[in-house]
Every structure is written in structure tokens, then in C-alpha cells.
Amino acid sequence: MNKATNVSAGKPKVGGAIFTAPVGTALPTTALESLDPAFVGLGYVSDDGLTNSTAMETEKIKAWGGDTVLVIQKSKDDTFKYVLIEAKSKEVLGYVYGESNVSGDLDTGLVVKVNNKDVPERSIVIDMLLRGDVAKRIVIPSCKISDVGDITYGDEDAIGYETTVDCTPNDEGDTHYEYLQKVGATPSA
């Protein structure tokens, strides 16, 4: 049966939507539990929101006569894309360029070194609210920035870091988890 109440938009949680921590930090397993203090917020995201893309590579096996009789999945990529718009945030700059490439602060002088050093994999938690007071949390155990889009400095738009991350499978082969729970509900055992 169709239920209009199951249709929703994804709004960022008040107080931040995207949080990151080093891989190995304790990850939440519900939509409502508190995050480990190692997670830091990446501030405002552009109004384009968050895009999760899944790219599957398959091979079709055909029988004599042309019928497709088997579809073999060869690979499946899981990526997330968003634009971070807090351009003066040390946390955002450290996330994009690598924490070891960012030093100082805005009062004494913030220095960002742009180079070819490898940016380490990170864990990410994305919190949002759905219609009807339902919290949705996406947990990415391990991902790596695979692309940073063009950075435009102009009068009309906010400076933003369009960031794409590629999720890597954990020991169970999972690339991300999604948890949904009504706000105020008690989690099941």
C-alpha cells in the first residue's frame, strides 16, 4: 500500500550534518547515539546537499540465440559528494588538504600547504532529519577523498570545496550503513 508519510526530504541536523574522524574511531550503530568525541564537524554544506552514487559494472552472459541468461556483478563503487562552504574553517581545510598540511589559526595566521602528499582515509558520519521527526544517519567506516572540484573565488557565490569520497569496504565488505529512527524512540536491543 502507498503511504505519503514515507516520502521525505533530507534536511541537515541542526548543529551540523557531516562529521569526520580517523579510521578506527568507535562508530555509532544507531541513528541517535552520541558520536565519539574524536568526530569533528565540517560545518555548513551548500544547498545542493549530499549525493550518494552507486556505479555498478556488470557483465551479461548470453545464450545461443541472444537471450541474457546471467548477469554477473564485477564491481560496485559507492561514492558521496558534497560542497563544504566554511572556507575559513581549519577543520574543513585539514580535511580537504590533510591535517598535516594546515597549521596555525585565524588570529595568528592560518597556513595551508598544497602538495602531493597522500590524504589519509577517514570515517564519516552524516546526520539528517526526515519528515515526521525521523533521524537518518549514514555511517561510512572508511573513505578517501577521490576528487576536489574547482574552487571558484567570485562575488556571486560562496567559496566551496566540492568533495567526492570513495567508500572502501570494511572487514564485513560493507561500504556504508544507514540507520533510521524516530526521534525520542527507544532503540531496540
# chains A, B, ... in the order shown; residues from 1 in each chain; ligands from 1

call {"tool": "select_by_dssp", "arguments": {"residues": "segment 4-171 of chain A", "states": "strand (DSSP E or B)", "output": "ChimeraX atom specification"}}
result
/A:11-12,18-22,40-41,45,51-62,68-84,102-105,109-112,122-130,134-148,161-167

call {"tool": "closest_atom_pairs", "arguments": {"of": "segment 83-182 of chain A", "to": "segment 61-78 of chain A", "cutoff": "9 Å", "atoms": "only C-alpha atoms", "output": "tab-separated table"}}
result
residue	atom	partner	partner_atom	distance
A:Val165	CA	A:Asp78	CA	8.6
A:Asp166	CA	A:Asp78	CA	6.1
A:Cys167	CA	A:Asp78	CA	5.6
A:Thr168	CA	A:Asp78	CA	8.0
A:Thr175	CA	A:Asp78	CA	6.8
A:His176	CA	A:Asp78	CA	8.2

call {"tool": "closest_residue", "arguments": {"among": "A:Val183, A:Ala21, A:Val112, A:Val40", "to": "Leu129 of chain A", "atoms": "only C-alpha atoms"}}
result
A:Val183

call {"tool": "atom_distance", "arguments": {"atom1": "atom CA of Glu178 of chain A", "atom2": "atom CA of Ala31 of chain A"}}
result
8.1 Å

call {"tool": "atom_distance", "arguments": {"atom1": "atom CA of Thr164 of chain A", "atom2": "atom CA of Thr51 of chain A"}}
result
9.2 Å

call {"tool": "closest_atom_pairs", "arguments": {"of": "segment 18-57 of chain A", "to": "segment 79-87 of chain A", "cutoff": "7 Å", "atoms": "only C-alpha atoms", "output": "CSV"}}
result
residue,atom,partner,partner_atom,distance
A:Gly43,CA,A:Glu86,CA,6.1
A:Tyr44,CA,A:Ile85,CA,5.8
A:Val45,CA,A:Leu84,CA,4.7
A:Ser46,CA,A:Val83,CA,5.5
A:Gly49,CA,A:Tyr82,CA,6.2
A:Leu50,CA,A:Tyr82,CA,5.0
A:Thr51,CA,A:Lys81,CA,5.1
A:Asn52,CA,A:Phe80,CA,4.5
A:Ser53,CA,A:Thr79,CA,5.2
A:Thr54,CA,A:Thr79,CA,6.5

call {"tool": "select_by_dssp", "arguments": {"residues": "segment 35-142 of chain A", "states": "alpha helix (DSSP H)", "output": "PyMOL selection string"}}
result
chain A and resi 90-97

call {"tool": "write_last_selection", "arguments": {"atoms": "N, CA, C and O atoms", "output": "PDB file, in the first residue's frame"}}
result
ATOM      1  N   LYS A  90      39.497  25.644   9.918  1.00  0.00           N
ATOM      2  CA  LYS A  90      40.702  24.816   9.969  1.00  0.00           C
ATOM      3  C   LYS A  90      40.348  23.343   9.790  1.00  0.00           C
ATOM      4  O   LYS A  90      41.094  22.595   9.148  1.00  0.00           O
ATOM      5  N   GLU A  91      39.193  22.916  10.336  1.00  0.00           N
ATOM      6  CA  GLU A  91      38.772  21.521  10.208  1.00  0.00           C
ATOM      7  C   GLU A  91      38.481  21.169   8.749  1.00  0.00           C
ATOM      8  O   GLU A  91      38.869  20.107   8.267  1.00  0.00           O
ATOM      9  N   VAL A  92      37.789  22.066   8.037  1.00  0.00           N
ATOM     10  CA  VAL A  92      37.489  21.823   6.625  1.00  0.00           C
ATOM     11  C   VAL A  92      38.770  21.787   5.807  1.00  0.00           C
ATOM     12  O   VAL A  92      38.984  20.882   4.993  1.00  0.00           O
ATOM     13  N   LEU A  93      39.636  22.753   6.009  1.00  0.00           N
ATOM     14  CA  LEU A  93      40.893  22.807   5.252  1.00  0.00           C
ATOM     15  C   LEU A  93      41.765  21.587   5.547  1.00  0.00           C
ATOM     16  O   LEU A  93      42.367  21.012   4.640  1.00  0.00           O
ATOM     17  N   GLY A  94      41.808  21.160   6.816  1.00  0.00           N
ATOM     18  CA  GLY A  94      42.574  19.963   7.173  1.00  0.00           C
ATOM     19  C   GLY A  94      41.994  18.708   6.554  1.00  0.00           C
ATOM     20  O   GLY A  94      42.723  17.798   6.156  1.00  0.00           O
ATOM     21  N   TYR A  95      40.674  18.649   6.460  1.00  0.00           N
ATOM     22  CA  TYR A  95      40.010  17.510   5.836  1.00  0.00           C
ATOM     23  C   TYR A  95      40.339  17.449   4.343  1.00  0.00           C
ATOM     24  O   TYR A  95      40.665  16.393   3.813  1.00  0.00           O
ATOM     25  N   VAL A  96      40.274  18.589   3.666  1.00  0.00           N
ATOM     26  CA  VAL A  96      40.495  18.632   2.217  1.00  0.00           C
ATOM     27  C   VAL A  96      41.964  18.445   1.858  1.00  0.00           C
ATOM     28  O   VAL A  96      42.298  17.690   0.939  1.00  0.00           O
ATOM     29  N   TYR A  97      42.856  19.123   2.577  1.00  0.00           N
ATOM     30  CA  TYR A  97      44.279  19.122   2.208  1.00  0.00           C
ATOM     31  C   TYR A  97      45.145  18.199   3.066  1.00  0.00           C
ATOM     32  O   TYR A  97      46.324  18.008   2.762  1.00  0.00           O
TER      33      TYR A  97
END

call {"tool": "residues_around", "arguments": {"residues": "segment 22-26 of chain A", "least_positions_apart": "4", "cutoff": "9 Å", "atoms": "only C-alpha atoms", "output": "count of residues only"}}
result
12

call {"tool": "decode", "arguments": {"residues": "segment 80-105 of chain A", "atoms": "N, CA, C and O atoms", "output": "PDB file, in the first residue's frame"}}
result
ATOM      1  N   PHE A  80      30.185   9.455  -2.258  1.00  0.00           N
ATOM      2  CA  PHE A  80      29.393  10.566  -1.736  1.00  0.00           C
ATOM      3  C   PHE A  80      30.039  11.865  -2.196  1.00  0.00           C
ATOM      4  O   PHE A  80      31.262  11.982  -2.243  1.00  0.00           O
ATOM      5  N   LYS A  81      29.176  12.846  -2.539  1.00  0.00           N
ATOM      6  CA  LYS A  81      29.670  14.144  -2.986  1.00  0.00           C
ATOM      7  C   LYS A  81      28.903  15.243  -2.265  1.00  0.00           C
ATOM      8  O   LYS A  81      27.687  15.155  -2.091  1.00  0.00           O
ATOM      9  N   TYR A  82      29.629  16.285  -1.847  1.00  0.00           N
ATOM     10  CA  TYR A  82      29.044  17.438  -1.164  1.00  0.00           C
ATOM     11  C   TYR A  82      30.009  18.598  -1.297  1.00  0.00           C
ATOM     12  O   TYR A  82      31.198  18.418  -1.604  1.00  0.00           O
ATOM     13  N   VAL A  83      29.494  19.815  -1.081  1.00  0.00           N
ATOM     14  CA  VAL A  83      30.314  21.020  -1.165  1.00  0.00           C
ATOM     15  C   VAL A  83      30.393  21.638   0.231  1.00  0.00           C
ATOM     16  O   VAL A  83      29.379  22.078   0.790  1.00  0.00           O
ATOM     17  N   LEU A  84      31.588  21.666   0.793  1.00  0.00           N
ATOM     18  CA  LEU A  84      31.836  22.273   2.096  1.00  0.00           C
ATOM     19  C   LEU A  84      32.058  23.765   1.884  1.00  0.00           C
ATOM     20  O   LEU A  84      32.915  24.160   1.082  1.00  0.00           O
ATOM     21  N   ILE A  85      31.292  24.615   2.573  1.00  0.00           N
ATOM     22  CA  ILE A  85      31.357  26.050   2.280  1.00  0.00           C
ATOM     23  C   ILE A  85      31.915  26.889   3.434  1.00  0.00           C
ATOM     24  O   ILE A  85      31.916  28.118   3.343  1.00  0.00           O
ATOM     25  N   GLU A  86      32.423  26.277   4.484  1.00  0.00           N
ATOM     26  CA  GLU A  86      33.091  27.049   5.531  1.00  0.00           C
ATOM     27  C   GLU A  86      34.572  27.148   5.181  1.00  0.00           C
ATOM     28  O   GLU A  86      35.416  26.425   5.706  1.00  0.00           O
ATOM     29  N   ALA A  87      34.880  28.065   4.271  1.00  0.00           N
ATOM     30  CA  ALA A  87      36.217  28.180   3.673  1.00  0.00           C
ATOM     31  C   ALA A  87      37.292  28.652   4.646  1.00  0.00           C
ATOM     32  O   ALA A  87      38.484  28.528   4.355  1.00  0.00           O
ATOM     33  N   LYS A  88      36.906  29.192   5.803  1.00  0.00           N
ATOM     34  CA  LYS A  88      37.889  29.657   6.787  1.00  0.00           C
ATOM     35  C   LYS A  88      38.059  28.674   7.943  1.00  0.00           C
ATOM     36  O   LYS A  88      38.774  28.962   8.894  1.00  0.00           O
ATOM     37  N   SER A  89      37.426  27.508   7.855  1.00  0.00           N
ATOM     38  CA  SER A  89      37.471  26.527   8.928  1.00  0.00           C
ATOM     39  C   SER A  89      38.740  25.679   8.833  1.00  0.00           C
ATOM     40  O   SER A  89      39.007  25.039   7.810  1.00  0.00           O
ATOM     41  N   LYS A  90      39.497  25.644   9.918  1.00  0.00           N
ATOM     42  CA  LYS A  90      40.702  24.816   9.969  1.00  0.00           C
ATOM     43  C   LYS A  90      40.348  23.343   9.790  1.00  0.00           C
ATOM     44  O   LYS A  90      41.094  22.595   9.148  1.00  0.00           O
ATOM     45  N   GLU A  91      39.193  22.916  10.336  1.00  0.00           N
ATOM     46  CA  GLU A  91      38.772  21.521  10.208  1.00  0.00           C
ATOM     47  C   GLU A  91      38.481  21.169   8.749  1.00  0.00           C
ATOM     48  O   GLU A  91      38.869  20.107   8.267  1.00  0.00           O
ATOM     49  N   VAL A  92      37.789  22.066   8.037  1.00  0.00           N
ATOM     50  CA  VAL A  92      37.489  21.823   6.625  1.00  0.00           C
ATOM     51  C   VAL A  92      38.770  21.787   5.807  1.00  0.00           C
ATOM     52  O   VAL A  92      38.984  20.882   4.993  1.00  0.00           O
ATOM     53  N   LEU A  93      39.636  22.753   6.009  1.00  0.00           N
ATOM     54  CA  LEU A  93      40.893  22.807   5.252  1.00  0.00           C
ATOM     55  C   LEU A  93      41.765  21.587   5.547  1.00  0.00           C
ATOM     56  O   LEU A  93      42.367  21.012   4.640  1.00  0.00           O
ATOM     57  N   GLY A  94      41.808  21.160   6.816  1.00  0.00           N
ATOM     58  CA  GLY A  94      42.574  19.963   7.173  1.00  0.00           C
ATOM     59  C   GLY A  94      41.994  18.708   6.554  1.00  0.00           C
ATOM     60  O   GLY A  94      42.723  17.798   6.156  1.00  0.00           O
ATOM     61  N   TYR A  95      40.674  18.649   6.460  1.00  0.00           N
ATOM     62  CA  TYR A  95      40.010  17.510   5.836  1.00  0.00           C
ATOM     63  C   TYR A  95      40.339  17.449   4.343  1.00  0.00           C
ATOM     64  O   TYR A  95      40.665  16.393   3.813  1.00  0.00           O
ATOM     65  N   VAL A  96      40.274  18.589   3.666  1.00  0.00           N
ATOM     66  CA  VAL A  96      40.495  18.632   2.217  1.00  0.00           C
ATOM     67  C   VAL A  96      41.964  18.445   1.858  1.00  0.00           C
ATOM     68  O   VAL A  96      42.298  17.690   0.939  1.00  0.00           O
ATOM     69  N   TYR A  97      42.856  19.123   2.577  1.00  0.00           N
ATOM     70  CA  TYR A  97      44.279  19.122   2.208  1.00  0.00           C
ATOM     71  C   TYR A  97      45.145  18.199   3.066  1.00  0.00           C
ATOM     72  O   TYR A  97      46.324  18.008   2.762  1.00  0.00           O
ATOM     73  N   GLY A  98      44.584  17.645   4.128  1.00  0.00           N
ATOM     74  CA  GLY A  98      45.346  16.820   5.057  1.00  0.00           C
ATOM     75  C   GLY A  98      45.709  17.631   6.284  1.00  0.00           C
ATOM     76  O   GLY A  98      46.216  18.756   6.154  1.00  0.00           O
ATOM     77  N   GLU A  99      45.439  17.081   7.455  1.00  0.00           N
ATOM     78  CA  GLU A  99      45.678  17.814   8.700  1.00  0.00           C
ATOM     79  C   GLU A  99      47.124  18.270   8.845  1.00  0.00           C
ATOM     80  O   GLU A  99      47.384  19.347   9.373  1.00  0.00           O
ATOM     81  N   SER A 100      48.073  17.456   8.358  1.00  0.00           N
ATOM     82  CA  SER A 100      49.485  17.832   8.489  1.00  0.00           C
ATOM     83  C   SER A 100      49.855  19.008   7.589  1.00  0.00           C
ATOM     84  O   SER A 100      50.932  19.592   7.745  1.00  0.00           O
ATOM     85  N   ASN A 101      48.984  19.378   6.668  1.00  0.00           N
ATOM     86  CA  ASN A 101      49.250  20.499   5.758  1.00  0.00           C
ATOM     87  C   ASN A 101      48.601  21.799   6.199  1.00  0.00           C
ATOM     88  O   ASN A 101      48.676  22.805   5.478  1.00  0.00           O
ATOM     89  N   VAL A 102      47.966  21.809   7.368  1.00  0.00           N
ATOM     90  CA  VAL A 102      47.292  23.012   7.854  1.00  0.00           C
ATOM     91  C   VAL A 102      47.802  23.308   9.260  1.00  0.00           C
ATOM     92  O   VAL A 102      47.807  22.432  10.126  1.00  0.00           O
ATOM     93  N   SER A 103      48.244  24.544   9.481  1.00  0.00           N
ATOM     94  CA  SER A 103      48.754  24.922  10.800  1.00  0.00           C
ATOM     95  C   SER A 103      48.312  26.336  11.145  1.00  0.00           C
ATOM     96  O   SER A 103      47.906  27.106  10.284  1.00  0.00           O
ATOM     97  N   GLY A 104      48.408  26.652  12.432  1.00  0.00           N
ATOM     98  CA  GLY A 104      48.054  27.978  12.913  1.00  0.00           C
ATOM     99  C   GLY A 104      46.564  28.134  13.125  1.00  0.00           C
ATOM    100  O   GLY A 104      45.813  27.162  13.184  1.00  0.00           O
ATOM    101  N   ASP A 105      46.146  29.384  13.236  1.00  0.00           N
ATOM    102  CA  ASP A 105      44.729  29.709  13.368  1.00  0.00           C
ATOM    103  C   ASP A 105      44.499  31.074  12.731  1.00  0.00           C
ATOM    104  O   ASP A 105      45.448  31.744  12.315  1.00  0.00           O
TER     105      ASP A 105
END
